[in-house]
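Visitor: Structure supplied as data.pdb; contents: PDB, C-alpha atoms.
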ATOM      1  CA  MET K  12    -261.256-134.121 -13.365
ATOM      2  CA  GLY K  13    -263.201-135.160 -16.445
ATOM      3  CA  ASP K  14    -265.949-132.592 -15.851
ATOM      4  CA  VAL K  15    -267.546-129.793 -17.858
ATOM      5  CA  LEU K  16    -268.412-126.298 -16.632
ATOM      6  CA  ALA K  17    -270.548-124.143 -18.932
ATOM      7  CA  GLY K  18    -270.622-120.351 -18.718
ATOM      8  CA  PHE K  19    -272.222-117.593 -20.772
ATOM      9  CA  HIS K  20    -269.635-117.403 -23.558
ATOM     10  CA  ALA K  21    -267.559-120.537 -23.086
ATOM     11  CA  VAL K  22    -267.411-124.102 -21.836
ATOM     12  CA  TRP K  23    -264.472-125.415 -19.818
ATOM     13  CA  GLU K  24    -263.743-129.129 -20.200
ATOM     14  CA  PHE K  25    -261.379-130.418 -17.516
ATOM     15  CA  ASP K  26    -258.863-133.160 -18.274
ATOM     16  CA  THR K  27    -256.180-134.731 -16.117
ATOM     17  CA  ASP K  28    -253.482-132.269 -17.182
ATOM     18  CA  SER K  29    -255.271-129.410 -18.923
ATOM     19  CA  VAL K  30    -258.505-127.527 -19.449
ATOM     20  CA  LEU K  31    -260.007-127.189 -22.914
ATOM     21  CA  ILE K  32    -261.775-123.847 -23.303
ATOM     22  CA  ARG K  33    -264.402-123.927 -26.051
ATOM     23  CA  PHE K  34    -265.805-120.543 -27.012
ATOM     24  CA  GLU K  35    -269.408-120.422 -28.141
ATOM     25  CA  ARG K  36    -270.206-118.934 -31.507
ATOM     26  CA  GLY K  37    -272.992-116.494 -32.194
ATOM     27  CA  ILE K  38    -273.720-112.988 -33.368
ATOM     28  CA  ARG K  39    -273.632-111.645 -29.801
ATOM     29  CA  ARG K  40    -270.447-113.397 -28.827
ATOM     30  CA  PRO K  41    -267.152-111.442 -28.773
ATOM     31  CA  LYS K  42    -265.434-111.723 -32.149
ATOM     32  CA  LEU K  43    -262.124-112.514 -30.484
ATOM     33  CA  PHE K  44    -263.624-115.640 -28.914
ATOM     34  CA  GLN K  45    -265.102-116.678 -32.252
ATOM     35  CA  ALA K  46    -261.706-116.227 -33.884
ATOM     36  CA  LEU K  47    -259.971-118.332 -31.214
ATOM     37  CA  GLY K  48    -262.524-121.145 -31.383
ATOM     38  CA  GLU K  49    -260.997-123.237 -28.631
ATOM     39  CA  ARG K  50    -257.791-123.301 -26.614
ATOM     40  CA  ARG K  51    -256.180-126.065 -24.601
ATOM     41  CA  VAL K  52    -254.469-124.692 -21.502
ATOM     42  CA  PRO K  53    -252.140-127.047 -19.571
ATOM     43  CA  TYR K  54    -252.405-126.632 -15.814
ATOM     44  CA  GLU K  55    -248.658-125.988 -15.766
ATOM     45  CA  ALA K  56    -249.375-122.792 -17.750
ATOM     46  CA  LEU K  57    -251.426-121.325 -14.885
ATOM     47  CA  ARG K  58    -250.211-119.149 -12.031
ATOM     48  CA  SER K  59    -253.433-119.004 -10.006
ATOM     49  CA  VAL K  60    -257.217-119.303 -10.130
ATOM     50  CA  GLU K  61    -259.598-116.645  -8.793
ATOM     51  CA  LEU K  62    -263.309-116.364  -8.098
ATOM     52  CA  SER K  63    -264.991-112.976  -7.758
ATOM     53  CA  PRO K  64    -268.457-111.377  -7.999
ATOM     54  CA  GLY K  65    -269.471-110.343 -11.502
ATOM     55  CA  ARG K  66    -272.017-107.897 -12.816
ATOM     56  CA  ARG K  67    -275.788-108.339 -12.743
ATOM     57  CA  GLY K  68    -276.029-111.464 -10.626
ATOM     58  CA  THR K  69    -273.003-113.345 -11.902
ATOM     59  CA  VAL K  70    -269.729-114.727 -10.619
ATOM     60  CA  VAL K  71    -266.469-114.898 -12.534
ATOM     61  CA  LEU K  72    -264.051-117.801 -12.434
ATOM     62  CA  ARG K  73    -260.723-116.654 -13.831
ATOM     63  CA  ALA K  74    -257.558-118.595 -14.484
ATOM     64  CA  VAL K  75    -254.427-116.455 -14.413
ATOM     65  CA  PRO K  76    -251.685-117.614 -16.810
ATOM     66  CA  ARG K  77    -248.028-117.530 -15.860
ATOM     67  CA  PRO K  78    -246.044-114.718 -17.496
ATOM     68  CA  GLY K  79    -244.644-115.985 -20.774
ATOM     69  CA  ALA K  80    -246.861-119.078 -20.933
ATOM     70  CA  ASP K  81    -249.404-117.783 -23.461
ATOM     71  CA  PRO K  82    -248.281-115.834 -26.555
ATOM     72  CA  LEU K  83    -251.742-114.290 -26.908
ATOM     73  CA  MET K  84    -251.681-112.773 -23.425
ATOM     74  CA  GLU K  85    -248.023-111.844 -23.792
ATOM     75  CA  ALA K  86    -248.810-109.917 -26.979
ATOM     76  CA  ALA K  87    -251.879-108.311 -25.383
ATOM     77  CA  ASP K  88    -249.707-107.055 -22.517
ATOM     78  CA  GLY K  89    -252.632-106.227 -20.227
ATOM     79  CA  GLN K  90    -254.595-104.278 -22.842
ATOM     80  CA  LEU K  91    -257.593-106.612 -23.163
ATOM     81  CA  LYS K  92    -260.867-105.479 -21.649
ATOM     82  CA  ASP K  93    -262.426-107.841 -19.127
ATOM     83  CA  ASP K  94    -265.116-109.007 -21.533
ATOM     84  CA  LEU K  95    -262.407-110.086 -24.007
ATOM     85  CA  ASP K  96    -260.286-112.002 -21.490
ATOM     86  CA  PRO K  97    -260.238-115.625 -22.732
ATOM     87  CA  TYR K  98    -259.397-116.835 -19.204
ATOM     88  CA  ARG K  99    -262.625-115.519 -17.658
ATOM     89  CA  LEU K 100    -265.677-117.761 -17.300
ATOM     90  CA  THR K 101    -268.848-115.914 -16.276
ATOM     91  CA  LEU K 102    -271.534-117.954 -14.515
ATOM     92  CA  PRO K 103    -274.916-117.247 -12.885
ATOM     93  CA  ALA K 104    -274.554-116.347  -9.199
ATOM     94  CA  ASP K 105    -276.552-119.406  -8.185
ATOM     95  CA  ARG K 106    -273.659-121.561  -9.438
ATOM     96  CA  GLU K 107    -271.139-119.946  -7.114
ATOM     97  CA  ALA K 108    -270.732-123.072  -5.002
ATOM     98  CA  LEU K 109    -269.931-125.111  -8.102
ATOM     99  CA  ALA K 110    -267.469-122.441  -9.249
ATOM    100  CA  GLU K 111    -265.769-122.587  -5.829
ATOM    101  CA  TYR K 112    -265.370-126.334  -6.204
ATOM    102  CA  TYR K 113    -263.630-126.017  -9.569
ATOM    103  CA  ARG K 114    -261.507-123.147  -8.321
ATOM    104  CA  ASP K 115    -260.217-125.326  -5.501
ATOM    105  CA  GLU K 116    -259.712-128.304  -7.824
ATOM    106  CA  LEU K 117    -257.718-126.191 -10.262
ATOM    107  CA  ARG K 118    -255.579-124.775  -7.473
ATOM    108  CA  THR K 119    -254.585-128.262  -6.390
ATOM    109  CA  ALA K 120    -253.605-129.060  -9.991
ATOM    110  CA  LEU K 121    -251.154-126.160 -10.298
ATOM    111  CA  GLY K 122    -247.534-127.199 -10.626
ATOM    112  CA  PRO K 123    -244.636-126.271  -8.329
ATOM    113  CA  ALA K 124    -243.443-123.643 -10.844
ATOM    114  CA  ALA K 125    -246.756-121.774 -10.855
ATOM    115  CA  ALA K 126    -245.261-118.687  -9.210
ATOM    116  CA  LEU K 127    -242.433-118.443 -11.764
ATOM    117  CA  PRO K 128    -242.427-117.063 -15.323
ATOM    118  CA  ALA K 129    -242.608-119.760 -17.985
ATOM    119  CA  ASP K 130    -239.431-120.540 -19.925
ATOM    120  CA  GLU K 131    -241.436-121.229 -23.082
ATOM    121  CA  HIS K 132    -244.919-120.854 -24.485
ATOM    122  CA  LEU K 133    -247.184-123.566 -23.099
ATOM    123  CA  VAL K 134    -250.400-122.479 -24.821
ATOM    124  CA  THR K 135    -250.572-122.623 -28.603
ATOM    125  CA  ALA K 136    -251.217-119.495 -30.655
ATOM    126  CA  PRO K 137    -253.561-119.540 -33.686
ATOM    127  CA  GLU K 138    -251.898-121.311 -36.592
ATOM    128  CA  PRO K 139    -250.752-119.509 -39.746
ATOM    129  CA  PRO K 140    -251.344-118.578 -42.478
ATOM    130  CA  LEU K 141    -252.956-115.463 -41.057
ATOM    131  CA  THR K 142    -253.800-112.109 -42.624
ATOM    132  CA  PHE K 143    -255.536-108.885 -41.662
ATOM    133  CA  LYS K 144    -256.064-105.442 -43.119
ATOM    134  CA  ALA K 145    -254.595-102.507 -41.250
ATOM    135  CA  TYR K 146    -255.328 -98.877 -42.077
ATOM    136  CA  ASP K 147    -252.208 -98.512 -44.199
ATOM    137  CA  GLY K 148    -251.554-102.012 -45.480
ATOM    138  CA  LYS K 149    -252.237-105.726 -45.476
ATOM    139  CA  ALA K 150    -250.254-107.911 -43.076
ATOM    140  CA  SER K 151    -249.709-111.596 -43.793
ATOM    141  CA  PHE K 152    -247.849-114.348 -41.963
ATOM    142  CA  ASP K 153    -247.116-117.769 -43.453
ATOM    143  CA  GLY K 154    -245.344-119.258 -40.437
ATOM    144  CA  THR K 155    -241.821-118.327 -41.499
ATOM    145  CA  SER K 156    -242.038-114.657 -42.469
ATOM    146  CA  VAL K 157    -244.227-111.576 -42.143
ATOM    147  CA  ALA K 158    -245.092-109.414 -45.140
ATOM    148  CA  PHE K 159    -246.576-105.925 -45.239
ATOM    149  CA  ARG K 160    -248.201-104.814 -48.499
ATOM    150  CA  TRP K 161    -248.954-101.117 -48.411
ATOM    151  CA  PHE K 162    -252.230 -99.541 -49.458
ATOM    152  CA  TRP K 163    -251.514 -96.549 -51.633
ATOM    153  CA  THR K 164    -254.538 -94.720 -50.258
ATOM    154  CA  GLY K 165    -253.623 -95.292 -46.596
ATOM    155  CA  ALA K 166    -249.869 -95.634 -46.246
ATOM    156  CA  SER K 167    -247.648 -92.662 -45.583
ATOM    157  CA  SER K 168    -245.289 -91.540 -48.333
ATOM    158  CA  ALA K 169    -242.407 -92.906 -46.246
ATOM    159  CA  LYS K 170    -243.928 -96.386 -46.362
ATOM    160  CA  TRP K 171    -244.974 -96.674 -49.974
ATOM    161  CA  LYS K 172    -241.683 -95.189 -51.141
ATOM    162  CA  SER K 173    -239.841 -97.829 -49.098
ATOM    163  CA  GLY K 174    -241.786-100.585 -50.844
ATOM    164  CA  ASP K 175    -243.617-103.618 -49.535
ATOM    165  CA  GLN K 176    -241.763-105.254 -46.650
ATOM    166  CA  HIS K 177    -240.703-108.821 -45.871
ATOM    167  CA  PHE K 178    -239.470-109.976 -42.437
ATOM    168  CA  PRO K 179    -238.186-113.545 -41.823
ATOM    169  CA  VAL K 180    -238.949-114.518 -38.223
ATOM    170  CA  GLY K 181    -235.297-115.409 -37.683
ATOM    171  CA  ARG K 182    -234.460-111.726 -37.912
ATOM    172  CA  LEU K 183    -237.075-110.664 -35.345
ATOM    173  CA  THR K 184    -236.868-110.539 -31.571
ATOM    174  CA  GLY K 185    -240.448-109.642 -30.714
ATOM    175  CA  VAL K 186    -243.776-108.056 -31.598
ATOM    176  CA  GLU K 187    -245.304-104.912 -30.124
ATOM    177  CA  TRP K 188    -249.099-104.731 -30.292
ATOM    178  CA  ARG K 189    -251.127-101.692 -29.290
ATOM    179  CA  SER K 190    -254.866-102.186 -29.127
ATOM    180  CA  PRO K 191    -256.983-100.473 -31.805
ATOM    181  CA  ASP K 192    -259.434 -99.640 -29.004
ATOM    182  CA  GLY K 193    -257.023 -96.965 -27.729
ATOM    183  CA  ALA K 194    -257.236 -93.273 -28.542
ATOM    184  CA  GLY K 195    -255.075 -91.411 -30.995
ATOM    185  CA  VAL K 196    -254.676 -94.323 -33.404
ATOM    186  CA  LEU K 197    -252.887 -92.421 -36.155
ATOM    187  CA  SER K 198    -250.408 -90.969 -33.665
ATOM    188  CA  GLY K 199    -249.167 -94.470 -32.871
ATOM    189  CA  ASN K 200    -251.440 -95.774 -30.100
ATOM    190  CA  GLY K 201    -252.936 -98.503 -32.254
ATOM    191  CA  TYR K 202    -250.486-100.544 -34.298
ATOM    192  CA  LEU K 203    -248.509-103.738 -34.747
ATOM    193  CA  ARG K 204    -244.745-103.244 -34.816
ATOM    194  CA  LEU K 205    -242.141-105.913 -35.540
ATOM    195  CA  VAL K 206    -239.008-105.631 -33.415
ATOM    196  CA  GLU K 207    -235.999-106.372 -35.585
ATOM    197  CA  ARG K 208    -232.772-107.876 -34.325
ATOM    198  CA  GLY K 209    -230.278-105.161 -33.467
ATOM    199  CA  THR K 210    -232.916-102.440 -33.074
ATOM    200  CA  GLN K 211    -234.171-103.226 -29.559
ATOM    201  CA  ASP K 212    -232.271-100.337 -27.988
ATOM    202  CA  ARG K 213    -233.283 -97.790 -30.598
ATOM    203  CA  ARG K 214    -236.214 -95.490 -30.060
ATOM    204  CA  PRO K 215    -238.747 -96.296 -32.796
ATOM    205  CA  GLY K 216    -240.401 -93.556 -34.807
ATOM    206  CA  GLU K 217    -244.108 -93.015 -35.242
ATOM    207  CA  ALA K 218    -245.856 -96.178 -36.415
ATOM    208  CA  ASP K 219    -247.356 -94.502 -39.469
ATOM    209  CA  GLN K 220    -243.801 -93.676 -40.666
ATOM    210  CA  ASP K 221    -242.128 -96.967 -39.679
ATOM    211  CA  PRO K 222    -241.989 -99.643 -42.427
ATOM    212  CA  ALA K 223    -241.765-102.283 -39.680
ATOM    213  CA  SER K 224    -245.247-101.300 -38.433
ATOM    214  CA  VAL K 225    -248.836-101.314 -39.629
ATOM    215  CA  VAL K 226    -251.319 -98.829 -38.193
ATOM    216  CA  PHE K 227    -254.832 -99.560 -36.937
ATOM    217  CA  GLY K 228    -257.900 -97.327 -37.021
ATOM    218  CA  LEU K 229    -261.174 -96.641 -38.815
ATOM    219  CA  GLY K 230    -262.239-100.274 -38.488
ATOM    220  CA  TYR K 231    -258.877-101.671 -39.620
ATOM    221  CA  GLY K 232    -256.774-104.029 -37.499
ATOM    222  CA  PRO K 233    -259.552-105.070 -35.069
ATOM    223  CA  VAL K 234    -258.567-106.988 -31.951
ATOM    224  CA  HIS K 235    -259.974-110.313 -33.150
ATOM    225  CA  GLU K 236    -257.752-110.176 -36.258
ATOM    226  CA  SER K 237    -254.590-108.337 -35.233
ATOM    227  CA  LEU K 238    -254.042-109.864 -31.772
ATOM    228  CA  PRO K 239    -254.109-113.547 -32.876
ATOM    229  CA  PHE K 240    -251.783-112.495 -35.701
ATOM    230  CA  ALA K 241    -249.367-110.878 -33.231
ATOM    231  CA  ALA K 242    -249.513-113.959 -30.988
ATOM    232  CA  ALA K 243    -248.720-116.318 -33.870
ATOM    233  CA  VAL K 244    -245.721-114.231 -34.930
ATOM    234  CA  LEU K 245    -244.494-113.966 -31.345
ATOM    235  CA  GLN K 246    -244.725-117.732 -30.888
ATOM    236  CA  ALA K 247    -242.736-118.309 -34.076
ATOM    237  CA  VAL K 248    -240.081-115.808 -32.984
ATOM    238  CA  ARG K 249    -239.707-117.465 -29.569
ATOM    239  CA  ALA K 250    -239.509-120.920 -31.141
ATOM    240  CA  THR K 251    -236.808-119.791 -33.561
ATOM    241  CA  GLY K 252    -234.488-118.826 -30.717
ATOM    242  CA  PRO K 253    -232.174-115.877 -30.113
ATOM    243  CA  ASP K 254    -229.280-117.084 -32.276
ATOM    244  CA  ALA K 255    -231.149-117.897 -35.469
ATOM    245  CA  ASP K 256    -229.714-116.331 -38.615
ATOM    246  CA  ALA K 257    -227.519-114.087 -36.476
ATOM    247  CA  ASP K 258    -225.046-113.596 -39.330
ATOM    248  CA  ALA K 259    -227.612-113.313 -42.097
ATOM    249  CA  ALA K 260    -228.286-110.217 -44.155
ATOM    250  CA  PRO K 261    -230.447-107.479 -42.637
ATOM    251  CA  CYS K 262    -234.052-108.488 -42.187
ATOM    252  CA  ARG K 263    -235.844-105.650 -43.881
ATOM    253  CA  ALA K 264    -236.113-106.124 -47.620
ATOM    254  CA  SER K 265    -238.561-104.813 -50.136
ATOM    255  CA  VAL K 266    -240.656-107.581 -51.632
ATOM    256  CA  ARG K 267    -240.567-105.688 -54.898
ATOM    257  CA  THR K 268    -236.802-106.206 -55.228
ATOM    258  CA  ARG K 269    -236.930-109.977 -54.810
ATOM    259  CA  THR K 270    -236.357-111.611 -58.178
ATOM    260  CA  ASP K 271    -238.016-114.818 -57.054
ATOM    261  CA  ALA K 272    -241.274-113.126 -56.055
ATOM    262  CA  ARG K 273    -244.270-113.652 -58.305
ATOM    263  CA  ARG K 274    -247.562-111.917 -57.639
ATOM    264  CA  ASP K 275    -251.114-112.642 -58.691
ATOM    265  CA  PRO K 276    -251.798-110.734 -61.956
ATOM    266  CA  ALA K 277    -255.137-109.569 -60.536
ATOM    267  CA  ASP K 278    -253.300-108.129 -57.545
ATOM    268  CA  ILE K 279    -250.837-106.324 -59.829
ATOM    269  CA  ALA K 280    -253.708-104.913 -61.888
ATOM    270  CA  ASP K 281    -255.393-103.636 -58.737
ATOM    271  CA  ARG K 282    -252.198-101.935 -57.560
ATOM    272  CA  ILE K 283    -251.717-100.267 -60.962
ATOM    273  CA  ARG K 284    -255.318 -99.043 -60.845
ATOM    274  CA  GLN K 285    -254.654 -97.505 -57.412
ATOM    275  CA  LEU K 286    -251.516 -95.872 -58.782
ATOM    276  CA  GLY K 287    -253.543 -94.433 -61.636
ATOM    277  CA  GLU K 288    -256.039 -92.936 -59.203
ATOM    278  CA  LEU K 289    -253.244 -91.278 -57.231
ATOM    279  CA  HIS K 290    -251.695 -90.003 -60.448
ATOM    280  CA  THR K 291    -255.016 -88.587 -61.628
ATOM    281  CA  ALA K 292    -255.507 -86.906 -58.250
ATOM    282  CA  GLY K 293    -252.122 -85.236 -58.597
ATOM    283  CA  LEU K 294    -250.542 -87.153 -55.704
ATOM    284  CA  LEU K 295    -247.957 -88.797 -57.962
ATOM    285  CA  THR K 296    -245.839 -87.139 -60.632
ATOM    286  CA  ASP K 297    -245.623 -88.609 -64.128
ATOM    287  CA  ALA K 298    -242.163 -89.935 -63.335
ATOM    288  CA  GLU K 299    -243.246 -91.518 -60.043
ATOM    289  CA  PHE K 300    -246.250 -93.147 -61.686
ATOM    290  CA  THR K 301    -244.160 -94.559 -64.538
ATOM    291  CA  SER K 302    -241.480 -95.857 -62.161
ATOM    292  CA  LYS K 303    -243.905 -97.547 -59.746
ATOM    293  CA  LYS K 304    -245.918 -99.039 -62.583
ATOM    294  CA  ALA K 305    -242.746-100.532 -64.075
ATOM    295  CA  GLU K 306    -241.819-102.054 -60.694
ATOM    296  CA  LEU K 307    -245.197-103.736 -60.415
ATOM    297  CA  LEU K 308    -245.159-105.064 -63.982
ATOM    298  CA  ALA K 309    -241.707-106.526 -63.330
ATOM    299  CA  GLU K 310    -243.206-108.761 -60.644
ATOM    300  CA  LEU K 311    -245.411-110.630 -63.134
TER     301      LEU K 311
END
Show me this structure written as structure tokens.
Guide:
Amino acid sequence: MGDVLAGFHAVWEFDTDSVLIRFERGIRRPKLFQALGERRVPYEALRSVELSPGRRGTVVLRAVPRPGADPLMEAADGQLKDDLDPYRLTLPADREALAEYYRDELRTALGPAAALPADEHLVTAPEPPLTFKAYDGKASFDGTSVAFRWFWTGASSAKWKSGDQHFPVGRLTGVEWRSPDGAGVLSGNGYLRLVERGTQDRRPGEADQDPASVVFGLGYGPVHESLPFAAAVLQAVRATGPDADADAAPCRASVRTRTDARRDPADIADRIRQLGELHTAGLLTDAEFTSKKAELLAEL
């Protein structure tokens, strides 16, 4: 098509085989859009294109991705509010005729498999390395493995006693993301959980007790940080394939027990300071404090 259609929060640039969605930056723009920046969506990734009336004298042009085509939407699993949907373009009502034209043009560009689920991701997730702070720990992803580093002041005793966690993507089968905008965050309605190979049929425990999960809430794990993270991990898991490392050792391993791990001395000092605060507050016994401090010093 070679045309450009500008809306309130984004600009769609049409190419012969894809549409490039550029999200505008600004203090009033959704943070998720700012985090995404831009996304190239092949027409083969789309199932349909819709046009509907919007609010306050607007119309909405929306592309609907095929199931499984976009790791971001797969991770979101229908939980995104309309104003955070990256496939919605809101336009003034007086541009409805132009929106109808592009709707029809996009519909003619859809491939023969549009009605079927995609066999692979066709839209690229944000690239690692990625990090975000949850309520009970810091999550990081370097492209090959996910690490959870617990916050002593936020993590449950079950988590910090289990130690920091390390998950190679080859030992994962999926990611479960629950929006931090939901209610009852600490009861498990807002979290990111890694699904480990061999555990798919098991009923998981509460997210705040599960070392394979980080919990959202109180401003931690916002959508614009945790959802792109989940999408990137999901894309890496799908790309790895179902048979990767099938005979390897169990995925879950404490980072603290890895002899090859070396941590930033400033990070170690900060963790020891947090331990000291818990010890002073009476939340750790002398023996627990001494043991945990020794573990951290051993990582230097």
Visitor: Which one is closest to Thr101 of chain K: K:Arg67, K:His20, K:His177, K:Arg58? Count only C-alpha atoms.
Guide: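 Of K:Arg67, K:His20, K:His177, K:Arg58, the one nearest Thr101 of chain K is K:His20, counting only C-alpha atoms.
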Visitor: Just so the selection is clear, what residues does the PyMOL selection byres ((chain K and resi 121) around 10) cover here, as an mmCIF file with C-alpha atoms, keeping the file's coordinate frame?
Guide:
data_model
loop_
_atom_site.group_PDB
_atom_site.id
_atom_site.type_symbol
_atom_site.label_atom_id
_atom_site.label_comp_id
_atom_site.auth_asym_id
_atom_site.auth_seq_id
_atom_site.Cartn_x
_atom_site.Cartn_y
_atom_site.Cartn_z
ATOM 1 C CA ASP K 28 -253.482 -132.269 -17.182
ATOM 2 C CA PRO K 53 -252.140 -127.047 -19.571
ATOM 3 C CA TYR K 54 -252.405 -126.632 -15.814
ATOM 4 C CA GLU K 55 -248.658 -125.988 -15.766
ATOM 5 C CA ALA K 56 -249.375 -122.792 -17.750
ATOM 6 C CA LEU K 57 -251.426 -121.325 -14.885
ATOM 7 C CA ARG K 58 -250.211 -119.149 -12.031
ATOM 8 C CA SER K 59 -253.433 -119.004 -10.006
ATOM 9 C CA VAL K 60 -257.217 -119.303 -10.130
ATOM 10 C CA GLU K 116 -259.712 -128.304 -7.824
ATOM 11 C CA LEU K 117 -257.718 -126.191 -10.262
ATOM 12 C CA ARG K 118 -255.579 -124.775 -7.473
ATOM 13 C CA THR K 119 -254.585 -128.262 -6.390
ATOM 14 C CA ALA K 120 -253.605 -129.060 -9.991
ATOM 15 C CA GLY K 122 -247.534 -127.199 -10.626
ATOM 16 C CA PRO K 123 -244.636 -126.271 -8.329
ATOM 17 C CA ALA K 124 -243.443 -123.643 -10.844
ATOM 18 C CA ALA K 125 -246.756 -121.774 -10.855
ATOM 19 C CA ALA K 126 -245.261 -118.687 -9.210
#
Visitor: Using all atoms listed in the file, which of the listed residues (K:Pro128, K:Gly252, K:Gly287, K:Gly228) sits closest to Gly148 of chain K?
Guide: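 Smallest separation from Gly148 of chain K among the options: K:Gly228.
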Visitor: Which one of K:Arg204, K:Thr184, K:Pro137, K:Leu16 sits closest to Arg114 of chain K if you count all atoms listed in the file?
Guide: K:Leu16
Visitor: Name the residues that the PyMOL selection byres ((chain K and resi 87-91) around 10) pulls out of this structure, and write them as a ChimeraX atom specification.
Guide: /K:78,81-86,92-97,187-190,192-193,234,238-239,241-242
Visitor: Report, in Å with one decimal, the straight-line distance from atom CA of Pro233 of chain K to atom CA of Arg160 of chain K.
Guide: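 Straight-line distance from atom CA of Pro233 of chain K to atom CA of Arg160 of chain K works out to 17.6 Å.
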Visitor: Output the residue selection produced by the PyMOL selection byres ((chain K and resi 146) around 7) on the file above, formatted as a ChimeraX atom specification.
Guide: /K:144-145,147-148,165,226-228,231
Visitor: I need the residues from that last selection saved to file as a short mmCIF file (atom, residue, chain, number, x, y, z; two decimals), in the coordinates of the input (with C-alpha atoms), if you can.
Guide:
data_model
loop_
_atom_site.label_atom_id
_atom_site.label_comp_id
_atom_site.auth_asym_id
_atom_site.auth_seq_id
_atom_site.Cartn_x
_atom_site.Cartn_y
_atom_site.Cartn_z
CA LYS K 144 -256.06 -105.44 -43.12
CA ALA K 145 -254.60 -102.51 -41.25
CA ASP K 147 -252.21 -98.51 -44.20
CA GLY K 148 -251.55 -102.01 -45.48
CA GLY K 165 -253.62 -95.29 -46.60
CA VAL K 226 -251.32 -98.83 -38.19
CA PHE K 227 -254.83 -99.56 -36.94
CA GLY K 228 -257.90 -97.33 -37.02
CA TYR K 231 -258.88 -101.67 -39.62
#
Visitor: Each residue of segment 132-186 of chain K with at least one atom at most 12 Å from segment 32-48 of chain K should appear once, together with its nearest atom pair and the corresponding distance in Å (one decimal); atoms considered: all atoms listed in the file; ordering: chain, then increasing residue number; output as CSV.
Guide:
residue,atom,partner,partner_atom,distance
K:Val134,CA,K:Ile32,CA,11.6
K:Thr135,CA,K:Leu47,CA,10.7
K:Ala136,CA,K:Leu47,CA,8.8
K:Pro137,CA,K:Leu47,CA,7.0
K:Glu138,CA,K:Leu47,CA,10.1
K:Leu141,CA,K:Ala46,CA,11.3
Visitor: What's the separation between atom CA of Ala223 of chain K and atom CA of Phe178 of chain K, in Å to one decimal place?
Guide: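 Atom-to-atom, atom CA of Ala223 of chain K and atom CA of Phe178 of chain K are spaced 8.5 Å apart.
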Visitor: So how many Å separate atom CA of Gln220 of chain K and atom CA of Pro139 of chain K, to one decimal?
Guide: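 Result for atom CA of Gln220 of chain K versus atom CA of Pro139 of chain K: 26.8 Å, one decimal.
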